[in-house]
Every structure is written in C-alpha cells, then in structure tokens.
>>> print(open('structure_11.cif').read())   # mmCIF, C-alpha atoms
data_entry
loop_
_atom_site.group_PDB
_atom_site.id
_atom_site.type_symbol
_atom_site.label_atom_id
_atom_site.label_comp_id
_atom_site.auth_asym_id
_atom_site.auth_seq_id
_atom_site.Cartn_x
_atom_site.Cartn_y
_atom_site.Cartn_z
ATOM 1 C CA MET B 252 165.449 83.266 231.217
ATOM 2 C CA GLN B 253 167.994 83.406 234.061
ATOM 3 C CA ARG B 254 170.217 80.895 232.291
ATOM 4 C CA ARG B 255 170.039 82.976 229.100
ATOM 5 C CA ARG B 256 171.076 86.119 230.997
ATOM 6 C CA PHE B 257 173.919 84.208 232.664
ATOM 7 C CA LEU B 258 175.261 83.004 229.300
ATOM 8 C CA ALA B 259 174.968 86.502 227.861
ATOM 9 C CA GLY B 260 176.994 87.784 230.788
ATOM 10 C CA LEU B 261 179.715 85.203 230.158
ATOM 11 C CA ALA B 262 179.932 86.269 226.524
ATOM 12 C CA LEU B 263 180.685 89.824 227.632
ATOM 13 C CA LEU B 264 183.536 88.917 230.005
ATOM 14 C CA PRO B 265 186.388 88.860 227.447
ATOM 15 C CA VAL B 266 185.730 92.450 226.411
ATOM 16 C CA LEU B 267 185.386 93.897 229.900
ATOM 17 C CA PRO B 268 189.095 94.770 230.329
ATOM 18 C CA LEU B 269 189.095 96.691 227.051
ATOM 19 C CA ALA B 270 185.856 98.446 227.891
ATOM 20 C CA ALA B 271 187.204 99.346 231.310
ATOM 21 C CA HIS B 272 190.359 100.707 229.723
ATOM 22 C CA ALA B 273 188.348 102.774 227.266
ATOM 23 C CA GLY B 274 186.397 104.317 230.140
ATOM 24 C CA LYS B 275 189.454 105.225 232.215
ATOM 25 C CA SER B 276 189.901 108.713 233.573
ATOM 26 C CA GLU B 277 193.562 108.348 234.474
ATOM 27 C CA LEU B 278 196.727 107.181 232.700
ATOM 28 C CA ASN B 279 198.931 105.235 235.133
ATOM 29 C CA ILE B 280 202.629 105.244 234.205
ATOM 30 C CA GLY B 281 205.241 103.236 236.075
ATOM 31 C CA ILE B 282 208.785 104.611 236.049
ATOM 32 C CA TYR B 283 211.906 102.794 237.179
ATOM 33 C CA PRO B 284 214.726 105.380 236.999
ATOM 34 C CA GLY B 285 217.585 102.924 237.481
ATOM 35 C CA THR B 286 219.600 102.185 240.604
ATOM 36 C CA GLY B 287 221.507 105.453 240.371
ATOM 37 C CA LYS B 288 218.290 107.399 240.983
ATOM 38 C CA ALA B 289 216.234 104.794 242.869
ATOM 39 C CA ASP B 290 216.648 106.631 246.181
ATOM 40 C CA ILE B 291 215.071 109.871 244.878
ATOM 41 C CA LEU B 292 212.527 111.363 247.281
ATOM 42 C CA THR B 293 208.962 110.560 246.248
ATOM 43 C CA ALA B 294 207.923 114.222 246.329
ATOM 44 C CA ASP B 295 210.868 115.193 244.117
ATOM 45 C CA PHE B 296 210.076 112.363 241.719
ATOM 46 C CA ARG B 297 206.447 113.419 241.333
ATOM 47 C CA ALA B 298 207.421 117.036 240.717
ATOM 48 C CA LEU B 299 210.134 116.214 238.187
ATOM 49 C CA ALA B 300 208.360 113.370 236.329
ATOM 50 C CA GLY B 301 205.013 115.156 236.496
ATOM 51 C CA PRO B 302 205.358 117.232 233.282
ATOM 52 C CA PHE B 303 206.281 114.095 231.300
ATOM 53 C CA ALA B 304 203.327 112.109 232.648
ATOM 54 C CA THR B 305 200.936 115.045 232.305
ATOM 55 C CA ALA B 306 201.812 115.514 228.623
ATOM 56 C CA LEU B 307 201.138 111.833 227.883
ATOM 57 C CA GLY B 308 197.847 111.879 229.753
ATOM 58 C CA ALA B 309 196.719 115.089 228.064
ATOM 59 C CA ALA B 310 197.229 113.455 224.665
ATOM 60 C CA LEU B 311 194.419 111.052 225.593
ATOM 61 C CA GLY B 312 192.309 113.556 227.491
ATOM 62 C CA LEU B 313 193.218 111.866 230.784
ATOM 63 C CA SER B 314 194.831 112.922 234.020
ATOM 64 C CA ALA B 315 198.147 111.160 234.631
ATOM 65 C CA HIS B 316 199.664 109.417 237.627
ATOM 66 C CA PRO B 317 203.410 108.617 237.548
ATOM 67 C CA MET B 318 204.380 105.783 239.903
ATOM 68 C CA LEU B 319 207.960 105.357 241.156
ATOM 69 C CA PHE B 320 209.520 101.892 241.371
ATOM 70 C CA ARG B 321 212.764 101.502 243.300
ATOM 71 C CA SER B 322 213.970 98.087 242.143
ATOM 72 C CA ILE B 323 213.933 95.880 239.059
ATOM 73 C CA LYS B 324 212.102 93.154 240.972
ATOM 74 C CA SER B 325 209.261 95.441 242.046
ATOM 75 C CA VAL B 326 208.630 96.842 238.562
ATOM 76 C CA ALA B 327 208.857 93.350 237.039
ATOM 77 C CA ARG B 328 206.186 92.071 239.458
ATOM 78 C CA SER B 329 203.941 94.969 238.489
ATOM 79 C CA MET B 330 204.375 94.166 234.802
ATOM 80 C CA GLN B 331 203.522 90.509 235.357
ATOM 81 C CA GLY B 332 200.183 91.605 236.760
ATOM 82 C CA ARG B 333 199.697 94.076 233.871
ATOM 83 C CA ARG B 334 198.728 96.599 236.520
ATOM 84 C CA LEU B 335 199.575 99.851 234.747
ATOM 85 C CA ASP B 336 198.900 101.390 231.340
ATOM 86 C CA ALA B 337 202.519 102.139 230.506
ATOM 87 C CA TYR B 338 206.051 101.902 231.864
ATOM 88 C CA PHE B 339 209.093 104.074 231.249
ATOM 89 C CA VAL B 340 212.036 101.789 231.984
ATOM 90 C CA PRO B 341 215.678 100.933 231.234
ATOM 91 C CA PRO B 342 216.403 98.507 228.375
ATOM 92 C CA SER B 343 216.804 95.323 230.435
ATOM 93 C CA VAL B 344 213.441 95.982 232.087
ATOM 94 C CA ALA B 345 211.841 96.704 228.711
ATOM 95 C CA VAL B 346 212.531 93.060 227.828
ATOM 96 C CA ALA B 347 210.330 91.999 230.749
ATOM 97 C CA ALA B 348 207.623 94.368 229.511
ATOM 98 C CA LEU B 349 207.717 92.736 226.075
ATOM 99 C CA ASP B 350 207.036 89.385 227.723
ATOM 100 C CA ASN B 351 204.036 90.732 229.621
ATOM 101 C CA GLY B 352 201.830 92.381 227.013
ATOM 102 C CA TYR B 353 203.575 95.727 226.485
ATOM 103 C CA SER B 354 205.082 97.153 223.292
ATOM 104 C CA PRO B 355 207.643 99.925 222.669
ATOM 105 C CA VAL B 356 206.212 103.291 221.695
ATOM 106 C CA VAL B 357 209.112 105.720 221.970
ATOM 107 C CA ARG B 358 212.646 105.569 223.330
ATOM 108 C CA VAL B 359 215.102 108.215 224.413
ATOM 109 C CA ARG B 360 217.095 109.546 221.472
ATOM 110 C CA ASP B 361 220.505 108.437 222.755
ATOM 111 C CA GLN B 362 221.417 104.755 222.614
ATOM 112 C CA ALA B 363 222.608 102.871 225.692
ATOM 113 C CA SER B 364 226.388 102.569 225.614
ATOM 114 C CA GLY B 365 229.060 101.598 228.086
ATOM 115 C CA ALA B 366 232.310 99.778 228.604
ATOM 116 C CA LEU B 367 234.194 97.333 230.736
ATOM 117 C CA VAL B 368 236.995 99.431 232.217
ATOM 118 C CA ARG B 369 240.094 97.937 233.853
ATOM 119 C CA ARG B 370 243.003 99.111 235.965
ATOM 120 C CA LYS B 371 246.127 99.781 233.920
ATOM 121 C CA ASP B 372 248.356 98.203 236.579
ATOM 122 C CA ALA B 373 246.412 94.901 236.651
ATOM 123 C CA ALA B 374 248.449 91.977 235.329
ATOM 124 C CA GLN B 375 245.215 90.062 234.812
ATOM 125 C CA VAL B 376 241.534 90.546 235.493
ATOM 126 C CA ALA B 377 240.301 88.046 238.065
ATOM 127 C CA THR B 378 237.357 90.024 239.488
ATOM 128 C CA VAL B 379 234.845 92.259 237.719
ATOM 129 C CA ALA B 380 232.512 94.689 239.499
ATOM 130 C CA LEU B 381 229.004 95.066 238.065
ATOM 131 C CA THR B 382 225.885 96.978 239.055
ATOM 132 C CA GLU B 383 222.708 95.262 240.349
ATOM 133 C CA LYS B 384 221.720 91.934 238.858
ATOM 134 C CA GLU B 385 219.473 92.202 235.771
ATOM 135 C CA SER B 386 220.490 95.808 235.131
ATOM 136 C CA TRP B 387 221.658 96.702 231.621
ATOM 137 C CA LEU B 388 225.266 97.076 232.781
ATOM 138 C CA ASP B 389 225.124 93.699 234.507
ATOM 139 C CA VAL B 390 223.640 91.617 231.683
ATOM 140 C CA MET B 391 225.571 93.294 228.866
ATOM 141 C CA ALA B 392 228.834 92.956 230.789
ATOM 142 C CA ARG B 393 228.204 89.244 231.410
ATOM 143 C CA TYR B 394 227.375 88.845 227.704
ATOM 144 C CA THR B 395 230.628 90.575 226.729
ATOM 145 C CA LEU B 396 232.798 88.758 229.275
ATOM 146 C CA LYS B 397 231.582 85.390 228.006
ATOM 147 C CA ARG B 398 232.780 86.286 224.524
ATOM 148 C CA GLN B 399 235.821 88.460 225.181
ATOM 149 C CA ALA B 400 237.264 87.450 228.559
ATOM 150 C CA PRO B 401 235.919 84.124 229.822
ATOM 151 C CA GLU B 402 238.913 83.822 232.156
ATOM 152 C CA ALA B 403 237.515 86.601 234.373
ATOM 153 C CA ALA B 404 235.363 84.215 236.367
ATOM 154 C CA ARG B 405 234.597 86.141 239.557
ATOM 155 C CA VAL B 406 231.857 88.766 239.520
ATOM 156 C CA LEU B 407 230.824 91.122 242.315
ATOM 157 C CA ASN B 408 227.487 92.959 242.086
ATOM 158 C CA PHE B 409 227.049 96.401 243.625
ATOM 159 C CA LYS B 410 224.048 98.699 243.644
ATOM 160 C CA THR B 411 225.345 101.709 241.718
ATOM 161 C CA GLN B 412 228.014 102.746 239.228
ATOM 162 C CA GLU B 413 229.610 104.867 241.947
ATOM 163 C CA GLU B 414 230.100 101.735 244.048
ATOM 164 C CA VAL B 415 231.529 99.875 241.036
ATOM 165 C CA ALA B 416 234.079 102.650 240.440
ATOM 166 C CA LEU B 417 234.980 102.733 244.132
ATOM 167 C CA ALA B 418 235.505 98.952 244.170
ATOM 168 C CA MET B 419 238.023 99.319 241.336
ATOM 169 C CA GLN B 420 239.756 102.307 242.910
ATOM 170 C CA ARG B 421 240.175 100.420 246.203
ATOM 171 C CA GLY B 422 241.445 97.261 244.540
ATOM 172 C CA PHE B 423 238.500 94.970 245.219
ATOM 173 C CA ALA B 424 238.117 94.413 241.453
ATOM 174 C CA GLU B 425 240.461 94.848 238.521
ATOM 175 C CA ALA B 426 237.663 95.812 236.139
ATOM 176 C CA GLY B 427 234.090 97.067 236.134
ATOM 177 C CA SER B 428 231.114 97.835 233.906
ATOM 178 C CA LEU B 429 230.103 101.481 233.520
ATOM 179 C CA ARG B 430 227.925 103.649 231.307
ATOM 180 C CA ALA B 431 229.859 105.724 228.774
ATOM 181 C CA LYS B 432 229.917 108.949 230.829
ATOM 182 C CA ALA B 433 231.120 107.228 234.012
ATOM 183 C CA ALA B 434 233.641 105.138 232.041
ATOM 184 C CA ASP B 435 235.082 108.261 230.368
ATOM 185 C CA ALA B 436 235.433 109.969 233.749
ATOM 186 C CA LEU B 437 237.320 107.031 235.227
ATOM 187 C CA VAL B 438 239.613 106.703 232.208
ATOM 188 C CA ALA B 439 240.342 110.435 232.412
ATOM 189 C CA SER B 440 241.809 109.911 235.887
ATOM 190 C CA GLY B 441 244.777 108.188 234.208
ATOM 191 C CA SER B 442 244.777 104.906 236.147
ATOM 192 C CA PHE B 443 242.177 103.083 234.049
ATOM 193 C CA GLU B 444 241.596 102.130 230.424
ATOM 194 C CA VAL B 445 238.753 100.807 228.304
ATOM 195 C CA TRP B 446 238.999 97.036 228.235
ATOM 196 C CA HIS B 447 235.971 96.061 226.128
ATOM 197 C CA ALA B 448 233.111 98.161 224.744
ATOM 198 C CA LEU B 449 229.614 96.905 225.515
ATOM 199 C CA PRO B 450 227.136 96.388 222.647
ATOM 200 C CA THR B 451 225.083 99.500 221.897
ATOM 201 C CA THR B 452 221.328 99.015 222.332
ATOM 202 C CA PRO B 453 218.123 101.027 222.713
ATOM 203 C CA ASP B 454 218.025 102.820 226.063
ATOM 204 C CA PHE B 455 215.093 103.939 228.264
ATOM 205 C CA THR B 456 211.831 103.122 226.494
ATOM 206 C CA LEU B 457 208.167 103.946 226.990
ATOM 207 C CA MET B 458 206.293 100.641 226.865
ATOM 208 C CA ALA B 459 202.496 100.794 226.474
ATOM 209 C CA SER B 460 199.952 98.079 227.221
ATOM 210 C CA ASP B 461 198.735 96.107 224.220
ATOM 211 C CA ARG B 462 195.244 96.709 225.593
ATOM 212 C CA MET B 463 195.656 100.321 224.537
ATOM 213 C CA SER B 464 194.526 101.013 220.994
ATOM 214 C CA ALA B 465 197.125 101.647 218.289
ATOM 215 C CA ALA B 466 195.736 105.168 217.890
ATOM 216 C CA ASP B 467 196.217 105.912 221.592
ATOM 217 C CA ARG B 468 199.750 104.529 221.542
ATOM 218 C CA ASP B 469 200.490 106.825 218.609
ATOM 219 C CA LYS B 470 199.095 109.791 220.550
ATOM 220 C CA ILE B 471 201.252 109.282 223.637
ATOM 221 C CA GLY B 472 204.260 108.644 221.394
ATOM 222 C CA ALA B 473 203.709 111.936 219.607
ATOM 223 C CA ALA B 474 203.305 113.702 222.962
ATOM 224 C CA ALA B 475 206.650 112.332 224.170
ATOM 225 C CA VAL B 476 208.424 113.415 220.983
ATOM 226 C CA ALA B 477 206.903 116.892 221.323
ATOM 227 C CA LEU B 478 207.952 117.417 224.971
ATOM 228 C CA ASP B 479 209.426 120.841 225.581
ATOM 229 C CA ALA B 480 212.954 121.351 226.882
ATOM 230 C CA ALA B 481 211.820 122.130 230.429
ATOM 231 C CA ALA B 482 209.901 118.848 230.730
ATOM 232 C CA ILE B 483 212.844 116.864 229.331
ATOM 233 C CA GLN B 484 215.301 118.553 231.695
ATOM 234 C CA ALA B 485 213.021 117.800 234.646
ATOM 235 C CA LEU B 486 212.689 114.151 233.622
ATOM 236 C CA GLN B 487 216.479 113.919 233.201
ATOM 237 C CA LYS B 488 216.875 114.624 236.915
ATOM 238 C CA THR B 489 215.002 111.418 237.708
ATOM 239 C CA ILE B 490 216.808 109.137 235.211
ATOM 240 C CA HIS B 491 220.396 107.876 235.562
ATOM 241 C CA SER B 492 221.184 107.878 231.810
ATOM 242 C CA ARG B 493 221.026 110.659 229.234
ATOM 243 C CA VAL B 494 217.614 111.966 228.123
ATOM 244 C CA SER B 495 218.005 114.540 225.355
ATOM 245 C CA GLY B 496 214.633 113.846 223.744
ATOM 246 C CA PHE B 497 212.509 111.028 222.315
ATOM 247 C CA VAL B 498 212.131 109.253 218.989
ATOM 248 C CA VAL B 499 209.305 106.981 217.875
ATOM 249 C CA ASP B 500 210.618 103.424 217.719
ATOM 250 C CA LYS B 501 207.948 100.737 217.689
ATOM 251 C CA GLU B 502 210.440 98.144 216.478
ATOM 252 C CA ALA B 503 213.165 98.750 219.059
ATOM 253 C CA ASP B 504 215.460 95.713 218.922
ATOM 254 C CA TYR B 505 215.982 94.049 222.284
ATOM 255 C CA LYS B 506 217.158 90.681 220.932
ATOM 256 C CA VAL B 507 220.737 91.029 222.176
ATOM 257 C CA ILE B 508 219.587 92.159 225.621
ATOM 258 C CA LYS B 509 217.120 89.288 225.860
ATOM 259 C CA GLN B 510 219.837 86.827 224.864
ATOM 260 C CA ALA B 511 222.154 88.314 227.479
ATOM 261 C CA ILE B 512 219.468 87.962 230.156
ATOM 262 C CA GLU B 513 218.813 84.354 229.209
ATOM 263 C CA GLU B 514 222.530 83.512 229.188
ATOM 264 C CA ALA B 515 222.880 85.052 232.641
ATOM 265 C CA GLY B 516 220.153 82.722 233.885
ATOM 266 C CA TYR B 517 217.784 85.458 235.062
#
>>> encode(input="structure_11.cif", output="structure tokens")
Amino acid sequence: MQRRRFLAGLALLPVLPLAAHAGKSELNIGIYPGTGKADILTADFRALAGPFATALGAALGLSAHPMLFRSIKSVARSMQGRRLDAYFVPPSVAVAALDNGYSPVVRVRDQASGALVRRKDAAQVATVALTEKESWLDVMARYTLKRQAPEAARVLNFKTQEEVALAMQRGFAEAGSLRAKAADALVASGSFEVWHALPTTPDFTLMASDRMSAADRDKIGAAAVALDAAAIQALQKTIHSRVSGFVVDKEADYKVIKQAIEEAGY
C-alpha cells in the first residue's frame, strides 16, 4: 500500500508546477529598465511601474508585484531559474528569455532604432564607444561594425549613452553607438554625423512564462494594450527608450539580435 501511494505521488510531480501556478495569488513581473534608468530609486520604481503591473495582475484576478533588476546579468540569472511569471525587458534581454521558457506577449509600439555616430573631424575611426556589454546598443553596434567597418577594431564599453557621448566629445573615441533620440541630439550639435544606421528591431517586450496558459497570456497582453495614458506615462519614466503604447506581437522577430549576441561571443 505504501509503495502504491509513493508511486502515485511520483506520477503527480510533473504537474505540480502548473498546479502551483494556477493557484497563485500574485503575478510577479521582473523589469529591467536599461542602464540609463538602472539607478532609479526603488520607491520611485514601484510607484511608477505599479499601475502597469497592477493592470496586468487585475486581468488575471491577481495582485501584482513588480521587481526591479539593475543589470543584465542579474535579470538573466533570474530567467535561468524561471523564478518569475513575466519579464518586461529590452530586446537583447528578451533573447535570453526566449531561451529560458518565456514567450513574447506584447511589445512597445515603437521599434528599437539607433545609429553609430562619428566625429566629423575624424580622419578615421580607430575606437568606438558602446554601452554595457550585451545591451542592444552594444550587440547591434558590434554586428554592424563587423559588416560595415571591420577596420574599427578597438571598442570601449561604458555604462550609459551619456557616457558614450561624453567619450566622443572628449576625444576618447571617434565614434559611438546611440539610440535614435540621443544620436539626433549629438548630430544637431554640428560636430557629429551619422556613420551607420543600426538594424531596426522589436524594442522592450513583455515576456510571459510558458507555464502560463495561452488564455492568461492573452489576458495580460490585452491589459497592456488597453493601458491608459497615465499608466504609460508613469512607466515611461522608468524605461530608457520610448514607450508610447503596446501592440500584441507573439511572433516578435529576435533572429538578428540573437545572431548579433552569438557573434559577439556572449
């Protein structure tokens, strides 16, 4: 009899994670806002990301808990352990989510875009300034340099776009990788020009665990698309790239980003 009960218990083990998920009372959402916003105060983050998380949780009848991650490495480790129900992350981090049992539900409406910008007075580009390793600007710039300017062999990584721009302004690098808004601002100063455009890709994406049912993923996707302007504006203050709204995109194409990450050796 004991052996029979033991075997019956073993048979139930594979379904326990799903049953536990179904009985959850809270939706746990990890958010990595990018290096430009990674130093946001925790209290400010919770207040500003709260309406976004609350709307997603309410769609499932759950309370919501947004969790702030301050580096790519920390959020990637969390994904490897499949610790949270969903993640709202930049495109290069979304690739890691795909490899760890998460699927895209919605993405921000605006695509990720940027450019390699160079000094007009530079006879040649020997050094390029990039943001943190494994960031979208880092991997897409390396991908572009390999194809458009392989002679620019030296790369310097900085934490933020502001530091990249400063490195160029002070002559530590002849070129740098910037998001479209920051690139336009630097070009407008008159001393810089667009060198090479970076490939356009999906931007920040909400990735949901594959343990979540398709119906529940649809519900949180619909809740994100239906967010009111106040919630979107609050979320924007925690994210370094543009958030004007969300669109459902379950087939978001990260092939180019994944290739860029692999070529970079990350």
>>> residues_around(input="structure_11.cif", residues="Val498 of chain B", least_positions_apart="2", cutoff="10 Å", atoms="only C-alpha atoms", output="PyMOL selection string")
chain B and resi 356-361+456+472-473+475-477+496+500-501
>>> resolve_selection(input="structure_11.cif", expression="the PyMOL selection byres ((chain B and resi 481-483) around 12)", output="VMD selection string")
chain B and resid 298 to 307 359 to 360 474 to 480 484 to 490 493 to 497
>>> write_last_selection(input="structure_11.cif", atoms="C-alpha atoms", output="PDB file, keeping the file's coordinate frame")
ATOM      1  CA  ALA B 298     207.421 117.036 240.717  1.00  0.00           C
ATOM      2  CA  LEU B 299     210.134 116.214 238.187  1.00  0.00           C
ATOM      3  CA  ALA B 300     208.360 113.370 236.329  1.00  0.00           C
ATOM      4  CA  GLY B 301     205.013 115.156 236.496  1.00  0.00           C
ATOM      5  CA  PRO B 302     205.358 117.232 233.282  1.00  0.00           C
ATOM      6  CA  PHE B 303     206.281 114.095 231.300  1.00  0.00           C
ATOM      7  CA  ALA B 304     203.327 112.109 232.648  1.00  0.00           C
ATOM      8  CA  THR B 305     200.936 115.045 232.305  1.00  0.00           C
ATOM      9  CA  ALA B 306     201.812 115.514 228.623  1.00  0.00           C
ATOM     10  CA  LEU B 307     201.138 111.833 227.883  1.00  0.00           C
ATOM     11  CA  VAL B 359     215.102 108.215 224.413  1.00  0.00           C
ATOM     12  CA  ARG B 360     217.095 109.546 221.472  1.00  0.00           C
ATOM     13  CA  ALA B 474     203.305 113.702 222.962  1.00  0.00           C
ATOM     14  CA  ALA B 475     206.650 112.332 224.170  1.00  0.00           C
ATOM     15  CA  VAL B 476     208.424 113.415 220.983  1.00  0.00           C
ATOM     16  CA  ALA B 477     206.903 116.892 221.323  1.00  0.00           C
ATOM     17  CA  LEU B 478     207.952 117.417 224.971  1.00  0.00           C
ATOM     18  CA  ASP B 479     209.426 120.841 225.581  1.00  0.00           C
ATOM     19  CA  ALA B 480     212.954 121.351 226.882  1.00  0.00           C
ATOM     20  CA  GLN B 484     215.301 118.553 231.695  1.00  0.00           C
ATOM     21  CA  ALA B 485     213.021 117.800 234.646  1.00  0.00           C
ATOM     22  CA  LEU B 486     212.689 114.151 233.622  1.00  0.00           C
ATOM     23  CA  GLN B 487     216.479 113.919 233.201  1.00  0.00           C
ATOM     24  CA  LYS B 488     216.875 114.624 236.915  1.00  0.00           C
ATOM     25  CA  THR B 489     215.002 111.418 237.708  1.00  0.00           C
ATOM     26  CA  ILE B 490     216.808 109.137 235.211  1.00  0.00           C
ATOM     27  CA  ARG B 493     221.026 110.659 229.234  1.00  0.00           C
ATOM     28  CA  VAL B 494     217.614 111.966 228.123  1.00  0.00           C
ATOM     29  CA  SER B 495     218.005 114.540 225.355  1.00  0.00           C
ATOM     30  CA  GLY B 496     214.633 113.846 223.744  1.00  0.00           C
ATOM     31  CA  PHE B 497     212.509 111.028 222.315  1.00  0.00           C
TER      32      PHE B 497
END
>>> resolve_selection(input="structure_11.cif", expression="the PyMOL selection byres ((chain B and resi 339) around 9)", output="ChimeraX atom specification")
/B:280-284,337-338,340-341,345,358,455-459
>>> residues_around(input="structure_11.cif", residues="segment 415-421 of chain B", least_positions_apart="4", cutoff="12 Å", atoms="all atoms listed in the file", output="mmCIF file with C-alpha atoms, in the frame of the given file")
data_model
loop_
_atom_site.group_PDB
_atom_site.id
_atom_site.type_symbol
_atom_site.label_atom_id
_atom_site.label_comp_id
_atom_site.auth_asym_id
_atom_site.auth_seq_id
_atom_site.Cartn_x
_atom_site.Cartn_y
_atom_site.Cartn_z
ATOM 1 C CA GLY B 287 221.507 105.453 240.371
ATOM 2 C CA LEU B 367 234.194 97.333 230.736
ATOM 3 C CA VAL B 368 236.995 99.431 232.217
ATOM 4 C CA ARG B 369 240.094 97.937 233.853
ATOM 5 C CA ARG B 370 243.003 99.111 235.965
ATOM 6 C CA LYS B 371 246.127 99.781 233.920
ATOM 7 C CA ASP B 372 248.356 98.203 236.579
ATOM 8 C CA ALA B 373 246.412 94.901 236.651
ATOM 9 C CA VAL B 376 241.534 90.546 235.493
ATOM 10 C CA ALA B 377 240.301 88.046 238.065
ATOM 11 C CA THR B 378 237.357 90.024 239.488
ATOM 12 C CA VAL B 379 234.845 92.259 237.719
ATOM 13 C CA ALA B 380 232.512 94.689 239.499
ATOM 14 C CA LEU B 381 229.004 95.066 238.065
ATOM 15 C CA THR B 382 225.885 96.978 239.055
ATOM 16 C CA GLU B 383 222.708 95.262 240.349
ATOM 17 C CA LEU B 388 225.266 97.076 232.781
ATOM 18 C CA ASP B 389 225.124 93.699 234.507
ATOM 19 C CA VAL B 406 231.857 88.766 239.520
ATOM 20 C CA LEU B 407 230.824 91.122 242.315
ATOM 21 C CA ASN B 408 227.487 92.959 242.086
ATOM 22 C CA PHE B 409 227.049 96.401 243.625
ATOM 23 C CA LYS B 410 224.048 98.699 243.644
ATOM 24 C CA THR B 411 225.345 101.709 241.718
ATOM 25 C CA GLU B 425 240.461 94.848 238.521
ATOM 26 C CA ALA B 426 237.663 95.812 236.139
ATOM 27 C CA GLY B 427 234.090 97.067 236.134
ATOM 28 C CA SER B 428 231.114 97.835 233.906
ATOM 29 C CA LEU B 429 230.103 101.481 233.520
ATOM 30 C CA ARG B 430 227.925 103.649 231.307
ATOM 31 C CA ALA B 433 231.120 107.228 234.012
ATOM 32 C CA ALA B 434 233.641 105.138 232.041
ATOM 33 C CA ASP B 435 235.082 108.261 230.368
ATOM 34 C CA ALA B 436 235.433 109.969 233.749
ATOM 35 C CA LEU B 437 237.320 107.031 235.227
ATOM 36 C CA VAL B 438 239.613 106.703 232.208
ATOM 37 C CA SER B 440 241.809 109.911 235.887
ATOM 38 C CA GLY B 441 244.777 108.188 234.208
ATOM 39 C CA SER B 442 244.777 104.906 236.147
ATOM 40 C CA PHE B 443 242.177 103.083 234.049
ATOM 41 C CA GLU B 444 241.596 102.130 230.424
#
>>> atom_distance(input="structure_11.cif", atom1="atom CA of Ser314 of chain B", atom2="atom CA of Lys288 of chain B")
25.1 Å
>>> atom_distance(input="structure_11.cif", atom1="atom CA of Leu396 of chain B", atom2="atom CA of His447 of chain B")
8.6 Å
>>> resolve_selection(input="structure_11.cif", expression="the PyMOL selection byres ((chain B and resi 335) around 12)", output="number ranges by chain")
B: 272, 275, 277-282, 315-319, 326-334, 336-339, 348, 351-353, 458-463
>>> closest_residue(input="structure_11.cif", among="B:Pro355, B:Pro342, B:Gly516, B:Gly312", to="Asp469 of chain B", atoms="all atoms listed in the file")
B:Pro355
>>> atom_distance(input="structure_11.cif", atom1="atom CA of Ile512 of chain B", atom2="atom CA of Asp350 of chain B")
12.7 Å
>>> closest_residue(input="structure_11.cif", among="B:Val390, B:Pro401, B:Pro450, B:Leu313", to="Ile471 of chain B", atoms="all atoms listed in the file")
B:Leu313
